[in-house]
Amino acid sequence: MRTKRLFTLGLTALLTATTMTAQTPKLSADNIDEVLKAMTLDEKAQLLVGAGNDAFVGSGAMMGHQKKLVAGAAGLTVAIPRLGIPATVLTDGPAGVHIDPIREGDSKTYYATGFPVGTCLASTWNTQLVEQVGQAIGNETLEYGCDVVLGPGLNLHRNPLCGRNFEYYSEDPIVTGMIGAAVTKGIQSQGVGVSAKHFAVNSQENSRTKVDERVSQRALRELYLKGFEIVVRESNPWTIMSAYNKINGFYAQGYKDMLTTILRDEWGFKGIVMTDWIGKRADLPTEMEVEAGNDLMMPGYPAQAKDIVDAVKAGRLDMKYVDQNVRRMLEYIVKTPRFKGYQYSKPDLDAHAKVTRQSSTEGMVLLKNNGVLPIRDLKTVALFGVNSYDFLSGGLGSGCVNVPYVVDMVQGLKNIGVKTTPLLTEIYQNYVKYAKAKLKADKNPMMWFLDQGQPKLDEIEISERCVTHELREADAAIITIGRQAGEGVDRKIDGEFNLSQMEQDMIFRVSSQFRAAGKPVIVILNSGSVMETCSWRDRVDAILCAWQPGEEGGNSVADVLTGKANPSGKLTMTWPIAATDHPSTKNFPQDIEMYSYREMKGWGRGIPNEDYTNHEEDIYVGYRYFDTFQKEVAYPFGYGLSYTTFEFSKLTTKVNGNSVTVSVTVKNTGNVAGKEVAQLYVTAPKGKLEKPAQELKAFAKTRELQPGESETLTMTVLKRDLASFDETGSKWIAEAGQYLFKVGNSSRDIKLTAPMKITEYTESVHNAMAPKQPLNILKQK
Ligand code: BGC
């Protein structure tokens, strides 16, 4: 009897256990439906909201800095162990992995390689090399225990004053898209994902969480969305980050037109959308974000999960949207290394240092050279400018990387046997130590980003006497002009875009004495963004834009100056004579007090460029404006000098169905080996739609060509790529007629042209993201 009862009990237990197992499946790539069914509403809501981070809750700080799993990473997704769902780790991005390098109770270090910032990387115009950089970043993401890196940054350089331009690639959407796709392919080849950001029109830092970017559908489609479209179509990013700002009256994070109609229905995006790091918004209901197609709210507040549950229960949110987003989250999770149980090991930082050095060397742009460069027999240099000794490897904010070291100019020159004058070096090096300590001591708690990267130290005055002393000891003078910028603050014209009086004086004093003595003066620009050059460039012999080139910067500069490397970088944005030359400057925040990230109470006072920004320049951004309206510039889009010369020949164009194949032969006609970029611009025939004078449609870079050597480059342009967006009828249209295909090595230096008859191409799309009010937009006369 007793045996029977025991047996019955055992059987019941076994049956219960079996039923339990059947009801609680563990997540795998092929049981997503089952797991979805087994999830409670609470669990679903939790999965759509990030796991928060320690520093964020209550502190008001926006940066990641969660300490769980990977210290210093930006955020986590929620784990649901009952269903075998692990937490996944999201890290910034985009110039390398942003995590804490030193951790309590851990003797190991977790420094990450500092790669060149976006502007430098894009200036290589070398998609293969950029893909290699992506592989290295992806590998560090993987080995340091992260699943997604928050980059690439695909916002356009609408205006040179944007504080985060250094993280973005270009004023042109084709360059943005092609470089972004190359980085994405590289990163994702390592089995981790990217988050292409900030979708979209996050073109200013001031008021970035609330500003309404008012922009035409045409400019959106052709410019601000285009880079994202290319990246989605070409490289299948795992995730996209929706921007803080509004577009035409709607928060990007709740904009169904953009996050579903355009991104998924038109472009075929298959991944997840996560919000930028804002948490619960005061004036955007969480359910609207869910319904719009924002799968993950970052960094995540419990209140947001509650909102989702409440909205479903109250019938304000259809369960189908919750299920759809949860499914996408599960599809994302099963791809991650965390889910797959990857065994982490240390990344090869030495190998990655080589990759970063190669890319920083190739991204540097030689702006001026009156023949002094390369200086092959350089022996002793007088190094002026505080950033010669505190070389800026990257920008401030979430995009900074905790690098193991930065090679400054002194070290870079020393590594190739060039000395720096001892007294000046000592004075500056002592000053740098002092100024860094002072900055730390004086730290303003509002300037939270000072902890995130290398702030710019003030310059010191260089007297005539100092220059006279240096002149005796040095064969050449190098002056480094540094600029720092970052998250949360836009750049000012005075002292940031323009040189300060002290910098002007330094250039004047150094150049007067050195040049009078027949000794060259070279300026190195250590800035992630565009600067003013016309007022001082005649005073110096050469200018090298080194950008913020990552941890190996000083080595790369030394290689270029001495001719060990031949520069082949080209500008991906126009350098105007004055910042006000850009038509967008008139509608760009200037001198607005530094903005705190908290959503301000009482905003909506109708302040231009704070509450809303009108894109009156419309499609005339960058060279599209300067070339169409025939304005003089300091250095044009696509420009960059070399130590050799190239000849372009044999331009051919061939139509194959809906695409045009263009080929051109590039020959090195000079005396040293070098690489050249062929840039393909197209001028459309006059038609119904107004068009810019020319637009970049493709580009290709040669391999290193020896003197006398040639390479034939082939580029493909789809007829769709020639189309403009016609707002009447919401369609892409390339009007029939004769197009001019032009190949050159800057937008102002066209070498060859070929006319080509094209039949009409049209493609209807949704009427999405229309402005709420008419825009006063710029037209050709
Ligand atoms: C930035 C993002 C970044 C995120 C996480 C935000 O403030 O805008 O670019 O990825 O923080 O750190």
# chains A, B, ... in the order shown; residues from 1 in each chain; ligands from 1
$ closest_atom_pairs --of "chain A" --to "ligand 1" --cutoff "10 Å" --atoms "only C-alpha atoms and all ligand atoms" --output "tab-separated table"
residue	atom	partner	partner_atom_place_in_ligand_line	distance
A:Ala61	CA	ligand 1	7 (O)	9.0
A:Met62	CA	ligand 1	7 (O)	5.5
A:Met63	CA	ligand 1	12 (O)	4.5
A:Gly64	CA	ligand 1	12 (O)	4.8
A:His65	CA	ligand 1	12 (O)	8.2
A:Gly72	CA	ligand 1	12 (O)	9.6
A:Ala73	CA	ligand 1	12 (O)	8.0
A:Ala74	CA	ligand 1	12 (O)	4.9
A:Gly75	CA	ligand 1	5 (C)	7.4
A:Leu90	CA	ligand 1	5 (C)	8.4
A:Thr91	CA	ligand 1	12 (O)	7.3
A:Asp92	CA	ligand 1	10 (O)	5.3
A:Gly93	CA	ligand 1	10 (O)	6.6
A:Pro94	CA	ligand 1	10 (O)	8.2
A:His98	CA	ligand 1	12 (O)	8.8
A:Val149	CA	ligand 1	10 (O)	8.4
A:Leu150	CA	ligand 1	10 (O)	5.1
A:Gly151	CA	ligand 1	10 (O)	7.1
A:Pro152	CA	ligand 1	9 (O)	9.3
A:Gly153	CA	ligand 1	9 (O)	7.6
A:Arg164	CA	ligand 1	9 (O)	9.3
A:Glu167	CA	ligand 1	9 (O)	9.2
A:Ser195	CA	ligand 1	10 (O)	8.4
A:Ala196	CA	ligand 1	9 (O)	9.5
A:Lys197	CA	ligand 1	9 (O)	6.9
A:His198	CA	ligand 1	9 (O)	6.9
A:Asn202	CA	ligand 1	8 (O)	9.1
A:Glu205	CA	ligand 1	8 (O)	9.1
A:Arg208	CA	ligand 1	8 (O)	8.8
A:Thr209	CA	ligand 1	8 (O)	9.2
A:Met241	CA	ligand 1	10 (O)	8.0
A:Ser242	CA	ligand 1	8 (O)	9.6
A:Ala243	CA	ligand 1	8 (O)	7.6
A:Tyr244	CA	ligand 1	8 (O)	7.7
A:Thr275	CA	ligand 1	4 (C)	9.0
A:Asp276	CA	ligand 1	6 (C)	5.6
A:Trp277	CA	ligand 1	11 (O)	4.9
A:Ile278	CA	ligand 1	7 (O)	7.5
A:Met298	CA	ligand 1	5 (C)	8.4
A:Pro299	CA	ligand 1	5 (C)	7.9
A:Gly397	CA	ligand 1	7 (O)	8.0
A:Ser398	CA	ligand 1	12 (O)	4.8
A:Gly399	CA	ligand 1	9 (O)	6.9
A:Glu487	CA	ligand 1	8 (O)	7.1
A:Gly488	CA	ligand 1	7 (O)	8.1
A:Tyr597	CA	ligand 1	7 (O)	8.5
$ write_last_selection --atoms "N, CA and C atoms" --output "compact mmCIF listing (two decimals), in the first residue's frame"
# COMPACT_ATOMS: atom_id res chain seq x y z
N ALA A 61 23.35 61.39 -14.55
CA ALA A 61 24.42 61.21 -15.54
C ALA A 61 23.91 60.33 -16.68
N MET A 62 24.31 60.67 -17.89
CA MET A 62 23.81 59.93 -19.03
C MET A 62 24.70 58.78 -19.46
N MET A 63 25.95 58.82 -19.02
CA MET A 63 26.88 57.83 -19.54
C MET A 63 26.57 56.45 -18.97
N GLY A 64 27.07 55.43 -19.64
CA GLY A 64 26.83 54.06 -19.24
C GLY A 64 27.28 53.77 -17.82
N HIS A 65 28.47 53.28 -17.69
CA HIS A 65 29.05 53.06 -16.38
C HIS A 65 28.33 52.06 -15.52
N GLY A 72 31.90 49.70 -16.80
CA GLY A 72 32.11 50.84 -17.68
C GLY A 72 31.37 50.74 -19.00
N ALA A 73 30.74 49.59 -19.25
CA ALA A 73 29.96 49.49 -20.49
C ALA A 73 28.73 50.39 -20.36
N ALA A 74 28.12 50.69 -21.49
CA ALA A 74 27.04 51.68 -21.47
C ALA A 74 25.73 51.13 -20.91
N GLY A 75 25.47 49.86 -21.09
CA GLY A 75 24.20 49.34 -20.61
C GLY A 75 24.05 47.85 -20.81
N LEU A 90 26.03 46.21 -23.84
CA LEU A 90 26.18 47.21 -24.90
C LEU A 90 27.27 48.19 -24.49
N THR A 91 28.23 48.41 -25.35
CA THR A 91 29.33 49.31 -25.00
C THR A 91 29.48 50.41 -26.04
N ASP A 92 29.89 51.62 -25.60
CA ASP A 92 30.28 52.63 -26.60
C ASP A 92 31.60 52.18 -27.16
N GLY A 93 32.02 52.58 -28.25
CA GLY A 93 31.71 53.18 -29.44
C GLY A 93 31.91 54.69 -29.59
N PRO A 94 32.14 55.09 -30.88
CA PRO A 94 32.50 54.26 -32.05
C PRO A 94 34.01 54.15 -32.34
N HIS A 98 34.56 51.36 -25.20
CA HIS A 98 34.62 52.28 -24.05
C HIS A 98 34.21 51.52 -22.77
N VAL A 149 28.51 47.08 -30.05
CA VAL A 149 29.25 48.33 -29.89
C VAL A 149 28.38 49.46 -30.44
N LEU A 150 28.26 50.53 -29.65
CA LEU A 150 27.34 51.61 -30.00
C LEU A 150 27.98 52.56 -31.02
N GLY A 151 27.95 52.19 -32.22
CA GLY A 151 28.49 52.93 -33.34
C GLY A 151 28.26 52.06 -34.56
N PRO A 152 28.48 52.51 -35.75
CA PRO A 152 29.05 53.79 -36.16
C PRO A 152 28.07 54.97 -35.99
N GLY A 153 28.66 56.15 -35.90
CA GLY A 153 27.87 57.39 -35.85
C GLY A 153 27.65 57.89 -37.27
N ARG A 164 29.77 67.00 -31.98
CA ARG A 164 30.11 65.58 -32.18
C ARG A 164 30.47 65.24 -33.61
N GLU A 167 32.84 62.39 -34.39
CA GLU A 167 32.42 60.98 -34.36
C GLU A 167 31.76 60.57 -35.66
N SER A 195 25.48 49.31 -33.39
CA SER A 195 24.26 50.10 -33.27
C SER A 195 24.50 51.40 -34.03
N ALA A 196 23.98 51.45 -35.24
CA ALA A 196 24.20 52.63 -36.09
C ALA A 196 23.39 53.78 -35.50
N LYS A 197 24.05 54.90 -35.25
CA LYS A 197 23.37 55.96 -34.49
C LYS A 197 23.63 57.32 -35.10
N HIS A 198 22.94 58.35 -34.75
CA HIS A 198 21.72 58.45 -33.96
C HIS A 198 20.65 58.74 -34.98
N ASN A 202 20.40 64.02 -35.78
CA ASN A 202 20.97 64.50 -34.51
C ASN A 202 22.19 65.35 -34.86
N GLU A 205 24.33 69.40 -30.74
CA GLU A 205 24.42 68.90 -29.38
C GLU A 205 23.56 69.71 -28.42
N ARG A 208 19.87 68.68 -27.56
CA ARG A 208 19.71 67.51 -28.43
C ARG A 208 18.59 66.58 -27.99
N THR A 209 18.18 66.64 -26.75
CA THR A 209 17.12 65.71 -26.34
C THR A 209 15.73 66.25 -26.64
N MET A 241 20.24 52.88 -33.27
CA MET A 241 19.89 53.68 -32.10
C MET A 241 19.06 54.89 -32.53
N SER A 242 17.87 55.01 -31.97
CA SER A 242 17.02 56.15 -32.34
C SER A 242 17.46 57.38 -31.55
N ALA A 243 17.48 58.51 -32.24
CA ALA A 243 18.05 59.75 -31.68
C ALA A 243 17.13 60.36 -30.63
N TYR A 244 17.69 61.26 -29.83
CA TYR A 244 16.93 61.95 -28.79
C TYR A 244 15.93 62.97 -29.37
N THR A 275 16.60 52.89 -28.03
CA THR A 275 16.63 54.35 -27.90
C THR A 275 18.02 54.78 -27.49
N ASP A 276 18.34 56.03 -27.78
CA ASP A 276 19.52 56.60 -27.15
C ASP A 276 19.20 56.73 -25.66
N TRP A 277 20.23 56.94 -24.87
CA TRP A 277 20.18 56.76 -23.40
C TRP A 277 19.37 57.84 -22.66
N ILE A 278 18.07 57.76 -22.74
CA ILE A 278 17.29 58.83 -22.10
C ILE A 278 16.38 58.34 -21.00
N MET A 298 16.59 52.35 -23.63
CA MET A 298 17.87 52.38 -22.90
C MET A 298 18.03 53.70 -22.16
N PRO A 299 18.74 53.75 -21.03
CA PRO A 299 19.36 52.59 -20.38
C PRO A 299 18.36 51.74 -19.61
N GLY A 397 33.34 62.47 -24.15
CA GLY A 397 31.97 61.96 -24.01
C GLY A 397 31.92 60.46 -24.20
N SER A 398 30.76 59.97 -24.58
CA SER A 398 30.62 58.51 -24.70
C SER A 398 31.56 57.94 -25.75
N GLY A 399 31.97 58.77 -26.70
CA GLY A 399 32.82 58.29 -27.79
C GLY A 399 34.29 58.20 -27.44
N GLU A 487 30.41 65.39 -26.47
CA GLU A 487 28.98 65.23 -26.28
C GLU A 487 28.38 66.35 -25.43
N GLY A 488 27.24 66.83 -25.82
CA GLY A 488 26.50 67.77 -24.99
C GLY A 488 26.76 69.24 -25.28
N TYR A 597 21.54 67.51 -19.55
CA TYR A 597 20.81 66.46 -20.24
C TYR A 597 19.39 66.25 -19.74
$ select_by_dssp --residues "stretch 225-268 of chain A" --states "alpha helix (DSSP H)" --output "list in words"
Lys226, Gly227, Phe228, Glu229, Ile230, Val231, Val232, Arg233, Glu234, Ser235 and Lys256 of chain A
$ write_last_selection --atoms "C-alpha atoms" --output "PDB file, in the first residue's frame"
ATOM      1  CA  LYS A 226      20.556  58.191 -46.838  1.00  0.00           C
ATOM      2  CA  GLY A 227      23.681  57.110 -44.931  1.00  0.00           C
ATOM      3  CA  PHE A 228      21.530  54.894 -42.690  1.00  0.00           C
ATOM      4  CA  GLU A 229      19.769  53.485 -45.734  1.00  0.00           C
ATOM      5  CA  ILE A 230      23.081  52.489 -47.313  1.00  0.00           C
ATOM      6  CA  VAL A 231      24.307  50.889 -44.084  1.00  0.00           C
ATOM      7  CA  VAL A 232      21.059  48.942 -43.661  1.00  0.00           C
ATOM      8  CA  ARG A 233      20.956  47.747 -47.252  1.00  0.00           C
ATOM      9  CA  GLU A 234      24.669  46.941 -47.527  1.00  0.00           C
ATOM     10  CA  SER A 235      25.653  45.619 -44.151  1.00  0.00           C
ATOM     11  CA  LYS A 256       6.576  55.154 -36.615  1.00  0.00           C
TER      12      LYS A 256
END
$ atom_distance --atom1 "atom CA of A:Ser28" --atom2 "atom CA of A:Lys335"
9.8 Å
$ closest_atom_pairs --of "stretch 558-652 of chain A" --to "stretch 498-501 of chain A" --cutoff "12 Å" --atoms "only C-alpha atoms" --output "CSV"
residue,atom,partner,partner_atom,distance
A:Trp575,CA,A:Asn498,CA,12.0
A:Pro576,CA,A:Asn498,CA,11.3
A:Ile577,CA,A:Asn498,CA,10.1
A:Ala578,CA,A:Asn498,CA,8.3
A:Ala579,CA,A:Asn498,CA,8.4
A:Thr580,CA,A:Asn498,CA,11.3
$ residues_around --residues "A:Phe384" --least-positions-apart "3" --cutoff "10 Å" --atoms "only C-alpha atoms" --output "list in words"
Val381, Asn387, Ser388, Tyr389, Leu424, Thr425, Tyr428, Glu459, Ile460, Ile462, Val467, Glu470, Ala477, Ile478, Ile479, Thr480, Ile481, Met506, Ile507, Val510 and Val523 of chain A
$ residues_around --residues "A:Lys586" --least-positions-apart "6" --cutoff "12 Å" --atoms "only C-alpha atoms" --output "mmCIF file with N, CA and C atoms, in the first residue's frame"
data_model
loop_
_atom_site.group_PDB
_atom_site.id
_atom_site.type_symbol
_atom_site.label_atom_id
_atom_site.label_comp_id
_atom_site.auth_asym_id
_atom_site.auth_seq_id
_atom_site.Cartn_x
_atom_site.Cartn_y
_atom_site.Cartn_z
ATOM 1 N N ARG A 158 26.097 68.596 -40.743
ATOM 2 C CA ARG A 158 25.260 69.659 -41.324
ATOM 3 C C ARG A 158 25.982 70.989 -41.209
ATOM 4 N N ASN A 159 26.680 71.164 -40.084
ATOM 5 C CA ASN A 159 27.367 72.424 -39.825
ATOM 6 C C ASN A 159 28.676 72.131 -39.100
ATOM 7 N N LEU A 161 30.041 73.420 -36.697
ATOM 8 C CA LEU A 161 30.078 73.714 -35.264
ATOM 9 C C LEU A 161 29.503 72.586 -34.396
ATOM 10 N N ALA A 579 33.090 80.239 -40.661
ATOM 11 C CA ALA A 579 32.013 79.314 -40.251
ATOM 12 C C ALA A 579 30.665 79.808 -40.746
ATOM 13 N N THR A 580 30.542 81.121 -40.852
ATOM 14 C CA THR A 580 29.266 81.693 -41.276
ATOM 15 C C THR A 580 29.014 81.502 -42.780
ATOM 16 N N PRO A 608 14.399 79.709 -31.246
ATOM 17 C CA PRO A 608 14.986 79.078 -32.424
ATOM 18 C C PRO A 608 16.309 78.400 -32.079
ATOM 19 N N ASN A 609 16.553 77.276 -32.696
ATOM 20 C CA ASN A 609 17.774 76.482 -32.557
ATOM 21 C C ASN A 609 17.922 75.834 -31.187
ATOM 22 N N THR A 613 14.828 73.763 -34.896
ATOM 23 C CA THR A 613 15.871 74.228 -35.811
ATOM 24 C C THR A 613 15.343 74.089 -37.226
ATOM 25 N N ASN A 614 15.298 75.187 -37.936
ATOM 26 C CA ASN A 614 14.804 75.148 -39.313
ATOM 27 C C ASN A 614 15.942 74.852 -40.282
ATOM 28 N N HIS A 615 15.739 73.869 -41.106
ATOM 29 C CA HIS A 615 16.758 73.528 -42.108
ATOM 30 C C HIS A 615 16.478 74.317 -43.380
ATOM 31 N N GLU A 616 16.714 75.623 -43.305
ATOM 32 C CA GLU A 616 16.421 76.461 -44.469
ATOM 33 C C GLU A 616 17.347 76.153 -45.632
ATOM 34 N N GLU A 617 18.535 75.648 -45.305
ATOM 35 C CA GLU A 617 19.488 75.319 -46.378
ATOM 36 C C GLU A 617 19.019 74.101 -47.164
#
$ select_by_dssp --residues "stretch 460-498 of chain A" --states "strand (DSSP E)" --output "MDAnalysis selection string"
chainID A and resid 476:483
$ atom_distance --atom1 "atom CA of A:Gln23" --atom2 "atom CA of A:Val78"
20.7 Å
$ closest_atom_pairs --of "stretch 136-181 of chain A" --to "stretch 219-224 of chain A" --cutoff "7 Å" --atoms "only C-alpha atoms" --output "CSV"
residue,atom,partner,partner_atom,distance
A:Asn155,CA,A:Tyr224,CA,7.0
A:Leu156,CA,A:Tyr224,CA,6.5
A:Pro173,CA,A:Leu223,CA,5.6
$ write_last_selection --atoms "N, CA, C and O atoms" --output "CSV table (one decimal), in the first residue's frame"
chain,number,residue,atom,x,y,z
A,155,ASN,N,25.5,60.5,-38.3
A,155,ASN,CA,24.9,61.8,-38.5
A,155,ASN,C,25.7,62.6,-39.5
A,155,ASN,O,27.0,62.4,-39.5
A,156,LEU,N,25.1,63.4,-40.2
A,156,LEU,CA,25.8,64.2,-41.2
A,156,LEU,C,26.4,65.5,-40.6
A,156,LEU,O,25.9,66.0,-39.6
A,173,PRO,N,26.3,62.0,-47.7
A,173,PRO,CA,25.7,60.7,-47.3
A,173,PRO,C,26.3,59.4,-47.9
A,173,PRO,O,26.2,58.4,-47.4
$ residues_around --residues "stretch 367-377 of chain A" --least-positions-apart "4" --cutoff "6 Å" --atoms "only C-alpha atoms" --output "MDAnalysis selection string"
chainID A and resid 541:544 561:563 640
$ write_last_selection --atoms "N, CA, C and O atoms" --output "tab-separated table (two decimals), in the first residue's frame"
chain	number	residue	atom	x	y	z
A	541	ASP	N	54.53	76.99	-43.91
A	541	ASP	CA	54.93	76.27	-45.13
A	541	ASP	C	54.07	75.05	-45.42
A	541	ASP	O	53.92	74.65	-46.56
A	542	ALA	N	53.61	74.44	-44.36
A	542	ALA	CA	52.81	73.23	-44.58
A	542	ALA	C	51.80	73.09	-43.46
A	542	ALA	O	52.03	73.53	-42.34
A	543	ILE	N	50.65	72.48	-43.80
A	543	ILE	CA	49.62	72.20	-42.79
A	543	ILE	C	49.18	70.75	-42.98
A	543	ILE	O	48.79	70.34	-44.08
A	544	LEU	N	49.27	70.02	-41.89
A	544	LEU	CA	48.80	68.63	-41.92
A	544	LEU	C	47.63	68.51	-40.95
A	544	LEU	O	47.77	68.78	-39.76
A	561	LEU	N	55.38	63.36	-41.98
A	561	LEU	CA	56.28	64.52	-42.12
A	561	LEU	C	57.61	64.13	-42.76
A	561	LEU	O	58.19	64.90	-43.52
A	562	THR	N	58.08	62.95	-42.44
A	562	THR	CA	59.41	62.57	-42.93
A	562	THR	C	59.34	61.74	-44.22
A	562	THR	O	60.37	61.30	-44.71
A	563	GLY	N	58.15	61.51	-44.71
A	563	GLY	CA	58.02	60.82	-45.99
A	563	GLY	C	58.05	59.31	-45.89
A	563	GLY	O	58.03	58.61	-46.90
A	640	GLY	N	42.97	66.85	-50.80
A	640	GLY	CA	44.09	66.38	-49.98
A	640	GLY	C	45.31	66.21	-50.86
A	640	GLY	O	45.21	65.66	-51.96
$ residues_around --residues "stretch 516-518 of chain A" --least-positions-apart "3" --cutoff "10 Å" --atoms "only C-alpha atoms" --output "list in words"
Leu471, Arg472, Asp475, Ala476, Val510, Ser511, Ser512, Gln513 and Val521 of chain A
$ closest_residue --among "A:Gly186, A:Gly249, A:Gly638, A:Gly50" --to "A:Arg214" --atoms "only C-alpha atoms"
A:Gly249
$ atom_distance --atom1 "atom CA of A:Ala634" --atom2 "atom CA of A:Pro692"
19.9 Å
$ closest_residue --among "A:Pro755, A:Gly134, A:Gly412, A:Pro771" --to "A:Gly737" --atoms "only C-alpha atoms"
A:Pro755
